[in-house]
file final.cif (mmCIF, C-alpha atoms)
data_upload
loop_
_atom_site.label_atom_id
_atom_site.label_comp_id
_atom_site.auth_asym_id
_atom_site.auth_seq_id
_atom_site.Cartn_x
_atom_site.Cartn_y
_atom_site.Cartn_z
CA MET A 28 40.71 22.38 -26.21
CA THR A 29 40.10 19.24 -24.16
CA ALA A 30 36.77 17.56 -23.73
CA ASP A 31 35.03 17.87 -20.37
CA PRO A 32 35.53 14.49 -18.69
CA HIS A 33 32.34 15.02 -16.65
CA ALA A 34 30.12 15.82 -19.62
CA LEU A 35 27.26 13.39 -20.26
CA ALA A 36 27.69 11.29 -23.33
CA THR A 37 25.32 11.97 -26.19
CA THR A 38 22.81 9.47 -27.42
CA GLU A 39 24.70 9.01 -30.65
CA HIS A 40 28.11 8.31 -29.16
CA SER A 41 27.55 6.48 -25.90
CA PRO A 42 26.57 2.84 -25.66
CA VAL A 43 24.87 3.51 -22.32
CA ALA A 44 23.12 6.81 -23.00
CA GLY A 45 19.41 6.52 -22.48
CA LEU A 46 19.68 3.79 -19.91
CA SER A 47 18.95 4.41 -16.25
CA HIS A 48 22.65 5.12 -15.70
CA ASP A 49 24.42 7.86 -17.58
CA ALA A 50 27.91 7.59 -18.98
CA ARG A 51 29.48 8.42 -15.61
CA GLY A 52 27.66 5.70 -13.68
CA GLY A 53 24.93 7.80 -12.07
CA ILE A 54 21.20 7.11 -12.21
CA GLY A 55 18.69 8.76 -14.49
CA ASN A 56 16.74 11.80 -13.34
CA PRO A 57 13.28 10.16 -13.37
CA VAL A 58 14.47 7.23 -11.27
CA LEU A 59 16.41 9.56 -8.97
CA GLY A 60 13.36 11.78 -8.50
CA MET A 61 11.12 8.81 -7.83
CA LEU A 62 13.51 7.38 -5.23
CA LEU A 63 13.57 10.72 -3.42
CA PHE A 64 9.79 10.94 -3.61
CA ILE A 65 9.43 7.41 -2.23
CA THR A 66 11.81 8.30 0.57
CA SER A 67 9.55 11.17 1.60
CA GLU A 68 6.52 8.90 1.27
CA VAL A 69 8.11 6.37 3.61
CA MET A 70 8.17 9.02 6.32
CA PHE A 71 4.63 10.14 5.46
CA PHE A 72 3.28 6.65 6.06
CA ALA A 73 5.59 6.28 9.07
CA GLY A 74 3.72 9.16 10.70
CA LEU A 75 0.39 7.42 10.10
CA PHE A 76 1.69 4.07 11.35
CA ALA A 77 3.19 5.75 14.42
CA ALA A 78 -0.14 7.41 15.21
CA TYR A 79 -1.89 4.06 14.85
CA PHE A 80 0.55 2.28 17.17
CA SER A 81 0.34 5.08 19.71
CA VAL A 82 -3.47 5.05 19.73
CA ARG A 83 -3.56 1.27 19.87
CA ALA A 84 -1.03 1.03 22.72
CA ASN A 85 -2.95 3.54 24.82
CA ALA A 86 -6.37 1.94 24.29
CA PRO A 87 -7.63 -0.31 27.12
CA SER A 88 -8.49 -2.96 24.53
CA TRP A 89 -7.98 -3.35 20.80
CA PRO A 90 -10.08 -3.45 18.75
CA PRO A 91 -12.31 -1.26 20.91
CA LEU A 92 -16.05 -1.74 21.35
CA ASN A 93 -18.40 -0.47 18.71
CA PRO A 94 -20.74 1.91 20.56
CA GLU A 95 -23.58 1.04 18.15
CA THR A 96 -23.48 -2.74 18.63
CA GLY A 97 -21.66 -3.06 21.96
CA GLU A 98 -19.28 -5.62 20.41
CA ALA A 99 -15.66 -5.23 19.45
CA PHE A 100 -15.00 -3.90 15.94
CA HIS A 101 -14.21 -6.68 13.50
CA LEU A 102 -12.56 -6.41 10.09
CA ALA A 103 -13.24 -9.35 7.76
CA ILE A 104 -10.51 -10.55 5.41
CA PHE A 105 -13.06 -12.28 3.18
CA PRO A 106 -14.72 -11.88 0.78
CA LEU A 107 -13.12 -8.60 -0.33
CA VAL A 108 -9.89 -7.53 1.34
CA GLY A 109 -8.02 -10.86 1.08
CA PRO A 110 -8.63 -11.29 -2.65
CA ALA A 111 -7.92 -7.58 -3.22
CA THR A 112 -4.57 -8.06 -1.48
CA VAL A 113 -3.73 -11.00 -3.74
CA LEU A 114 -4.63 -8.91 -6.80
CA LEU A 115 -2.45 -6.01 -5.67
CA ILE A 116 0.52 -8.30 -5.04
CA ALA A 117 -0.06 -9.90 -8.46
CA SER A 118 -0.06 -6.43 -10.03
CA SER A 119 3.42 -5.82 -8.65
CA PHE A 120 4.61 -8.93 -10.46
CA THR A 121 3.00 -7.86 -13.74
CA ALA A 122 4.54 -4.38 -13.35
CA GLN A 123 7.97 -5.96 -12.98
CA PHE A 124 7.30 -8.27 -15.93
CA ALA A 125 6.53 -5.13 -17.95
CA VAL A 126 9.84 -3.57 -16.89
CA TRP A 127 11.78 -6.68 -17.83
CA ALA A 128 9.94 -6.85 -21.17
CA ILE A 129 10.80 -3.27 -22.17
CA ARG A 130 14.40 -3.77 -21.02
CA ARG A 131 14.77 -6.50 -23.61
CA GLY A 132 12.81 -4.48 -26.18
CA ASP A 133 9.70 -6.70 -26.19
CA ARG A 134 7.02 -4.02 -26.58
CA THR A 135 4.14 -6.47 -26.97
CA ALA A 136 4.83 -8.13 -23.63
CA PHE A 137 5.44 -4.70 -22.09
CA ILE A 138 2.04 -3.38 -23.18
CA ARG A 139 0.28 -6.58 -22.17
CA ASN A 140 1.78 -6.72 -18.67
CA LEU A 141 1.34 -3.01 -18.05
CA SER A 142 -2.31 -3.20 -19.15
CA VAL A 143 -2.92 -6.05 -16.72
CA THR A 144 -1.24 -4.01 -13.96
CA VAL A 145 -3.53 -1.03 -14.57
CA VAL A 146 -6.63 -3.23 -14.64
CA LEU A 147 -5.62 -4.97 -11.40
CA GLY A 148 -5.03 -1.59 -9.75
CA ILE A 149 -8.51 -0.42 -10.80
CA ILE A 150 -10.10 -3.64 -9.54
CA PHE A 151 -8.34 -3.16 -6.19
CA LEU A 152 -9.79 0.35 -5.88
CA VAL A 153 -13.29 -0.85 -6.76
CA MET A 154 -13.05 -3.66 -4.19
CA GLN A 155 -11.87 -1.20 -1.56
CA ALA A 156 -14.81 1.09 -2.31
CA ILE A 157 -17.24 -1.84 -1.96
CA ASP A 158 -15.54 -2.80 1.31
CA TYR A 159 -15.90 0.77 2.60
CA ALA A 160 -19.62 0.65 1.82
CA ALA A 161 -19.98 -2.68 3.63
CA LEU A 162 -18.10 -1.35 6.68
CA GLY A 163 -20.30 1.74 6.71
CA ALA A 164 -23.37 -0.49 6.83
CA GLU A 165 -21.87 -2.19 9.89
CA GLY A 166 -21.35 1.13 11.65
CA ILE A 167 -17.61 1.31 11.02
CA THR A 168 -17.14 4.83 9.70
CA LEU A 169 -14.52 7.57 9.84
CA SER A 170 -16.28 8.98 12.89
CA ALA A 171 -16.49 5.66 14.76
CA GLY A 172 -13.93 6.62 17.39
CA THR A 173 -10.20 6.12 17.16
CA PHE A 174 -10.62 2.74 15.47
CA GLY A 175 -12.58 4.12 12.54
CA THR A 176 -10.41 7.21 12.28
CA THR A 177 -7.12 5.31 12.16
CA TYR A 178 -8.49 2.58 9.88
CA PHE A 179 -9.93 4.91 7.27
CA THR A 180 -7.02 7.35 7.45
CA LEU A 181 -4.47 4.59 6.87
CA THR A 182 -6.36 2.70 4.18
CA GLY A 183 -7.77 5.89 2.63
CA PHE A 184 -4.37 7.46 2.12
CA HIS A 185 -3.10 4.18 0.74
CA GLY A 186 -6.06 4.04 -1.64
CA ALA A 187 -5.25 7.58 -2.77
CA HIS A 188 -1.70 6.44 -3.51
CA VAL A 189 -3.01 3.45 -5.47
CA PHE A 190 -5.18 5.85 -7.48
CA GLY A 191 -2.13 8.02 -8.14
CA GLY A 192 -0.20 4.92 -9.18
CA VAL A 193 -2.96 3.84 -11.56
CA VAL A 194 -2.91 7.29 -13.16
CA MET A 195 0.88 7.17 -13.40
CA LEU A 196 0.84 3.69 -14.95
CA GLY A 197 -1.97 4.80 -17.26
CA VAL A 198 0.19 7.63 -18.57
CA VAL A 199 3.09 5.23 -19.03
CA LEU A 200 0.78 2.80 -20.84
CA TYR A 201 -0.47 5.60 -23.12
CA ARG A 202 3.09 6.59 -23.91
CA GLY A 203 3.97 2.95 -24.47
CA LEU A 204 1.11 2.54 -26.94
CA ALA A 205 2.44 5.64 -28.72
CA GLY A 206 5.79 3.86 -29.07
CA GLN A 207 7.74 6.22 -26.84
CA PHE A 208 9.66 3.52 -24.97
CA SER A 209 12.40 1.17 -26.06
CA ALA A 210 15.07 -1.01 -24.52
CA ARG A 211 17.29 2.10 -24.31
CA HIS A 212 14.72 4.73 -23.33
CA HIS A 213 12.30 3.70 -20.59
CA ASP A 214 13.19 5.60 -17.42
CA ALA A 215 9.53 6.51 -16.84
CA VAL A 216 8.61 2.83 -16.83
CA GLU A 217 11.27 2.09 -14.23
CA ALA A 218 10.17 5.03 -12.08
CA ALA A 219 6.45 4.16 -12.22
CA SER A 220 7.25 0.54 -11.42
CA LEU A 221 9.29 1.58 -8.35
CA TYR A 222 6.34 3.61 -7.08
CA TRP A 223 3.94 0.73 -7.65
CA HIS A 224 6.16 -1.67 -5.70
CA PHE A 225 6.30 0.85 -2.85
CA VAL A 226 2.49 1.13 -2.76
CA ASP A 227 2.30 -2.66 -2.74
CA VAL A 228 4.72 -2.98 0.19
CA VAL A 229 2.78 -0.37 2.18
CA TRP A 230 -0.42 -2.36 1.64
CA ILE A 231 1.23 -5.60 2.81
CA LEU A 232 2.25 -3.79 6.01
CA LEU A 233 -1.23 -2.29 6.40
CA PHE A 234 -2.93 -5.62 5.79
CA SER A 235 -0.68 -7.36 8.32
CA LEU A 236 -1.30 -4.63 10.87
CA LEU A 237 -5.05 -4.21 10.51
CA TYR A 238 -6.19 -7.72 9.64
CA ILE A 239 -3.61 -10.20 10.96
CA LEU A 240 -1.99 -8.68 14.08
CA PRO A 241 -3.98 -10.07 17.02
CA GLY A 242 -5.95 -7.72 19.27
CA SER A 243 -5.11 -6.98 22.86
CA GLY A 244 -6.82 -6.41 26.20
CA GLY A 245 -10.56 -6.60 26.66
CA MET B 23 34.71 1.22 -7.38
CA HIS B 24 35.63 1.57 -3.74
CA PRO B 25 33.88 -1.13 -1.66
CA LEU B 26 32.19 1.48 0.54
CA ARG B 27 30.61 3.04 -2.54
CA HIS B 28 28.77 -0.12 -3.54
CA PRO B 29 25.01 0.67 -3.57
CA ARG B 30 24.39 -2.48 -1.54
CA ASN B 31 26.17 -0.88 1.41
CA ALA B 32 23.48 1.82 1.55
CA ALA B 33 21.43 -0.76 3.43
CA LEU B 34 23.90 -0.51 6.32
CA VAL B 35 22.82 3.08 6.97
CA GLY B 36 19.21 1.94 7.21
CA ILE B 37 20.05 -1.04 9.38
CA LEU B 38 21.78 1.29 11.83
CA PHE B 39 18.54 3.22 12.39
CA VAL B 40 16.49 0.02 12.60
CA VAL B 41 18.85 -1.27 15.31
CA ILE B 42 18.45 2.00 17.21
CA GLY B 43 14.67 1.63 16.89
CA VAL B 44 14.76 -1.93 18.21
CA VAL B 45 16.96 -0.88 21.15
CA TYR B 46 14.56 2.00 21.82
CA TRP B 47 11.77 -0.58 22.11
CA VAL B 48 13.68 -3.35 23.94
CA ILE B 49 15.04 -1.26 26.82
CA PRO B 50 11.66 -0.07 28.18
CA TYR B 51 10.15 -3.48 27.39
CA VAL B 52 12.74 -5.26 29.53
CA GLY B 53 12.69 -2.55 32.19
CA GLY B 54 8.91 -2.54 32.40
CA TRP B 55 8.64 1.14 31.53
CA HIS B 56 6.31 2.90 29.09
CA ILE B 57 7.03 1.84 25.53
CA ASP B 58 6.98 4.62 22.95
CA TYR B 59 5.49 2.76 19.98
CA ALA B 60 5.24 5.92 17.88
CA GLY B 61 8.94 6.67 18.33
CA THR B 62 9.90 3.09 17.61
CA THR B 63 7.83 3.09 14.41
CA MET B 64 9.33 6.36 13.24
CA LEU B 65 12.90 5.17 13.90
CA ILE B 66 12.39 1.95 11.96
CA ALA B 67 10.72 3.79 9.08
CA LEU B 68 13.55 6.32 9.19
CA GLY B 69 15.89 3.39 8.61
CA ALA B 70 14.05 2.53 5.39
CA ALA B 71 14.05 6.18 4.29
CA MET B 72 17.73 6.64 5.13
CA ALA B 73 18.67 3.49 3.22
CA LEU B 74 16.89 4.86 0.15
CA MET B 75 18.59 8.23 0.53
CA ALA B 76 21.99 6.57 0.93
CA TYR B 77 21.30 4.50 -2.17
CA VAL B 78 20.47 7.63 -4.14
CA LEU B 79 23.68 9.30 -2.98
CA VAL B 80 25.88 6.30 -3.71
CA ALA B 81 24.31 5.01 -6.91
CA GLY B 82 23.71 8.52 -8.24
CA SER B 83 27.31 9.58 -7.88
CA PRO B 84 29.76 9.42 -10.77
CA ASN B 85 32.18 6.53 -10.81
CA GLU B 86 35.19 8.77 -11.36
#
call {"tool": "encode", "arguments": {"input": "final.cif", "output": "structure tokens"}}
result
Amino acid sequence: MTADPHALATTEHSPVAGLSHDARGGIGNPVLGMLLFITSEVMFFAGLFAAYFSVRANAPSWPPLNPETGEAFHLAIFPLVGPATVLLIASSFTAQFAVWAIRRGDRTAFIRNLSVTVVLGIIFLVMQAIDYAALGAEGITLSAGTFGTTYFTLTGFHGAHVFGGVVMLGVVLYRGLAGQFSARHHDAVEAASLYWHFVDVVWILLFSLLYILPGSGG
Amino acid sequence: MHPLRHPRNAALVGILFVVIGVVYWVIPYVGGWHIDYAGTTMLIALGAAMALMAYVLVAGSPNE
């Protein structure tokens, strides 16, 4: 009876079992699943971006006039959105530091960096909520024409993804505190980190689009 | 490993779609016709999605 050459190696006998790649050179199921999920998410946000570009290109001027004030809508980078962006980008770095720490088996640094990542994610959400309240006071709401609709749909869905990411990282942190991860077994950490980087990249695109790209017409 | 099966080459699949998206934007821009920004956005995003999918297929396959 010959051994199946395609069989996965067991934890006890393979030097690579438990890593992101199995004995045959493939990638682990959690990372594979997350990559497929991110792929679908790319197209989800593509639909929103496409709608935004289409609405913007067909508007006589952008940003359009606020019917309440008679002036063009204006989104301020400071004091909230700019610093929130910096925090979110910083959280991507701390997430990666956590991944590198657990890869080398440094659980203390892993827990520390992952904790900072979760806290930064929560602060971002709080700052976004405060910004929403401030925009509402200025008359920029979900019902404020195509500008408000596209702005809140784009940033709202992104915020929902950040919330999901915070929950995901929170679960990973809880499992990390319970000692469930090591240098050999940490696929969930890699997968959650990939998702967090994706959310970060989407925000950088959103920020560039909504706050930096110059207006047109008018 | 065969050179074509290197995960890095998955990016080529994505770049192909990005190039198509850019051409889709450049031709009406130069010709002065209506530019389909939604289609251009979707094509470029499709490039990113396709690159990820290609990476999954290449990196997730056995080496044998």
call {"tool": "resolve_selection", "arguments": {"input": "final.cif", "expression": "the PyMOL selection byres ((chain B) within 6 of (chain A))", "output": "count of residues only"}}
result
11
call {"tool": "resolve_selection", "arguments": {"input": "final.cif", "expression": "the PyMOL selection byres ((chain A and resi 88) around 10)", "output": "VMD selection string"}}
result
chain A and resid 83 to 87 89 to 92 99 242 to 245
call {"tool": "write_last_selection", "arguments": {"input": "final.cif", "atoms": "C-alpha atoms", "output": "short mmCIF file (atom, residue, chain, number, x, y, z; two decimals), in the frame of the given file"}}
result
data_model
loop_
_atom_site.label_atom_id
_atom_site.label_comp_id
_atom_site.auth_asym_id
_atom_site.auth_seq_id
_atom_site.Cartn_x
_atom_site.Cartn_y
_atom_site.Cartn_z
CA ARG A 83 -3.56 1.27 19.87
CA ALA A 84 -1.03 1.03 22.72
CA ASN A 85 -2.95 3.54 24.82
CA ALA A 86 -6.37 1.94 24.29
CA PRO A 87 -7.63 -0.31 27.12
CA TRP A 89 -7.98 -3.35 20.80
CA PRO A 90 -10.08 -3.45 18.75
CA PRO A 91 -12.31 -1.26 20.91
CA LEU A 92 -16.05 -1.74 21.35
CA ALA A 99 -15.66 -5.23 19.45
CA GLY A 242 -5.95 -7.72 19.27
CA SER A 243 -5.11 -6.98 22.86
CA GLY A 244 -6.82 -6.41 26.20
CA GLY A 245 -10.56 -6.60 26.66
#
call {"tool": "residues_near_point", "arguments": {"input": "final.cif", "point": "(9.9, 1.7, 22.4)", "cutoff": "6 Å", "atoms": "only C-alpha atoms", "output": "PyMOL selection string"}}
result
chain B and resi 46-47+57-59+62
call {"tool": "residues_near_point", "arguments": {"input": "final.cif", "point": "(22.0, 4.7, -2.6)", "cutoff": "10 Å", "atoms": "all atoms listed in the file", "output": "PyMOL selection string"}}
result
(chain A and resi 54+59+62) or (chain B and resi 27-33+35+72-83)
call {"tool": "resolve_selection", "arguments": {"input": "final.cif", "expression": "the PyMOL selection byres ((chain A and resi 227) around 10)", "output": "count of residues only"}}
result
21
call {"tool": "residues_around", "arguments": {"input": "final.cif", "residues": "Val113 in chain A", "least_positions_apart": "6", "cutoff": "12 Å", "atoms": "only C-alpha atoms", "output": "number ranges by chain"}}
result
A: 104-107, 119-120, 147-148, 150-151, 154, 227, 230-231, 234
call {"tool": "closest_residue", "arguments": {"input": "final.cif", "among": "A:Thr182, A:Ser209, A:Thr173, A:Asn93", "to": "Ala156 in chain A", "atoms": "all atoms listed in the file"}}
result
A:Thr182
call {"tool": "atom_distance", "arguments": {"input": "final.cif", "atom1": "CA of Arg131 in chain A", "atom2": "CA of Arg211 in chain A"}}
result
9.0 Å
call {"tool": "axis_aligned_box", "arguments": {"input": "final.cif", "around": "range 56-59 of chain B", "padding_each_side": "3 Å", "output": "AutoDock Vina command-line options"}}
result
--center_x 6.3 --center_y 3.2 --center_z 24.5 --size_x 7.5 --size_y 8.8 --size_z 15.1
call {"tool": "decode", "arguments": {"input": "final.cif", "residues": "range 99-157 of chain A", "atoms": "C-alpha atoms", "output": "JSON list (two decimals), in the first residue's frame"}}
result
[["chain", "number", "residue", "atom", "x", "y", "z"],
["A", 99, "ALA", "CA", -21.87, 74.41, -3.14],
["A", 100, "PHE", "CA", -21.54, 71.46, -0.75],
["A", 101, "HIS", "CA", -18.19, 71.46, 1.02],
["A", 102, "LEU", "CA", -16.51, 68.58, 2.86],
["A", 103, "ALA", "CA", -13.86, 69.65, 5.38],
["A", 104, "ILE", "CA", -10.75, 67.51, 5.85],
["A", 105, "PHE", "CA", -10.10, 69.06, 9.26],
["A", 106, "PRO", "CA", -10.59, 68.67, 12.14],
["A", 107, "LEU", "CA", -12.00, 65.13, 11.88],
["A", 108, "VAL", "CA", -11.61, 63.29, 8.59],
["A", 109, "GLY", "CA", -7.90, 64.01, 8.00],
["A", 110, "PRO", "CA", -6.78, 62.83, 11.44],
["A", 111, "ALA", "CA", -9.17, 59.85, 11.21],
["A", 112, "THR", "CA", -7.50, 58.90, 7.92],
["A", 113, "VAL", "CA", -4.06, 59.05, 9.52],
["A", 114, "LEU", "CA", -5.29, 56.84, 12.37],
["A", 115, "LEU", "CA", -6.75, 54.27, 9.98],
["A", 116, "ILE", "CA", -3.54, 54.12, 7.96],
["A", 117, "ALA", "CA", -1.57, 53.77, 11.21],
["A", 118, "SER", "CA", -3.85, 50.90, 12.22],
["A", 119, "SER", "CA", -2.88, 49.03, 9.06],
["A", 120, "PHE", "CA", 0.75, 49.29, 10.12],
["A", 121, "THR", "CA", 0.02, 48.02, 13.63],
["A", 122, "ALA", "CA", -2.02, 45.15, 12.16],
["A", 123, "GLN", "CA", 0.95, 44.14, 10.04],
["A", 124, "PHE", "CA", 3.30, 44.51, 13.01],
["A", 125, "ALA", "CA", 0.99, 42.09, 14.86],
["A", 126, "VAL", "CA", 1.23, 39.60, 11.98],
["A", 127, "TRP", "CA", 5.00, 39.82, 11.90],
["A", 128, "ALA", "CA", 5.13, 39.43, 15.69],
["A", 129, "ILE", "CA", 3.06, 36.22, 15.73],
["A", 130, "ARG", "CA", 5.05, 34.85, 12.79],
["A", 131, "ARG", "CA", 8.17, 35.00, 14.91],
["A", 132, "GLY", "CA", 6.28, 33.73, 17.97],
["A", 133, "ASP", "CA", 6.37, 37.01, 19.92],
["A", 134, "ARG", "CA", 2.93, 36.87, 21.56],
["A", 135, "THR", "CA", 3.44, 39.96, 23.71],
["A", 136, "ALA", "CA", 4.14, 42.18, 20.71],
["A", 137, "PHE", "CA", 1.30, 40.48, 18.83],
["A", 138, "ILE", "CA", -1.25, 41.26, 21.55],
["A", 139, "ARG", "CA", 0.05, 44.80, 21.98],
["A", 140, "ASN", "CA", -0.08, 45.67, 18.27],
["A", 141, "LEU", "CA", -3.43, 44.00, 17.72],
["A", 142, "SER", "CA", -4.91, 45.85, 20.71],
["A", 143, "VAL", "CA", -3.70, 49.16, 19.29],
["A", 144, "THR", "CA", -5.23, 48.23, 15.92],
["A", 145, "VAL", "CA", -8.64, 47.54, 17.48],
["A", 146, "VAL", "CA", -8.54, 50.78, 19.48],
["A", 147, "LEU", "CA", -7.58, 52.80, 16.39],
["A", 148, "GLY", "CA", -10.42, 51.20, 14.44],
["A", 149, "ILE", "CA", -12.90, 52.14, 17.18],
["A", 150, "ILE", "CA", -11.58, 55.71, 17.31],
["A", 151, "PHE", "CA", -12.01, 55.97, 13.53],
["A", 152, "LEU", "CA", -15.65, 54.89, 13.82],
["A", 153, "VAL", "CA", -16.31, 57.37, 16.63],
["A", 154, "MET", "CA", -14.73, 60.19, 14.61],
["A", 155, "GLN", "CA", -16.82, 59.25, 11.59],
["A", 156, "ALA", "CA", -19.98, 59.33, 13.69],
["A", 157, "ILE", "CA", -19.07, 62.79, 15.02]]
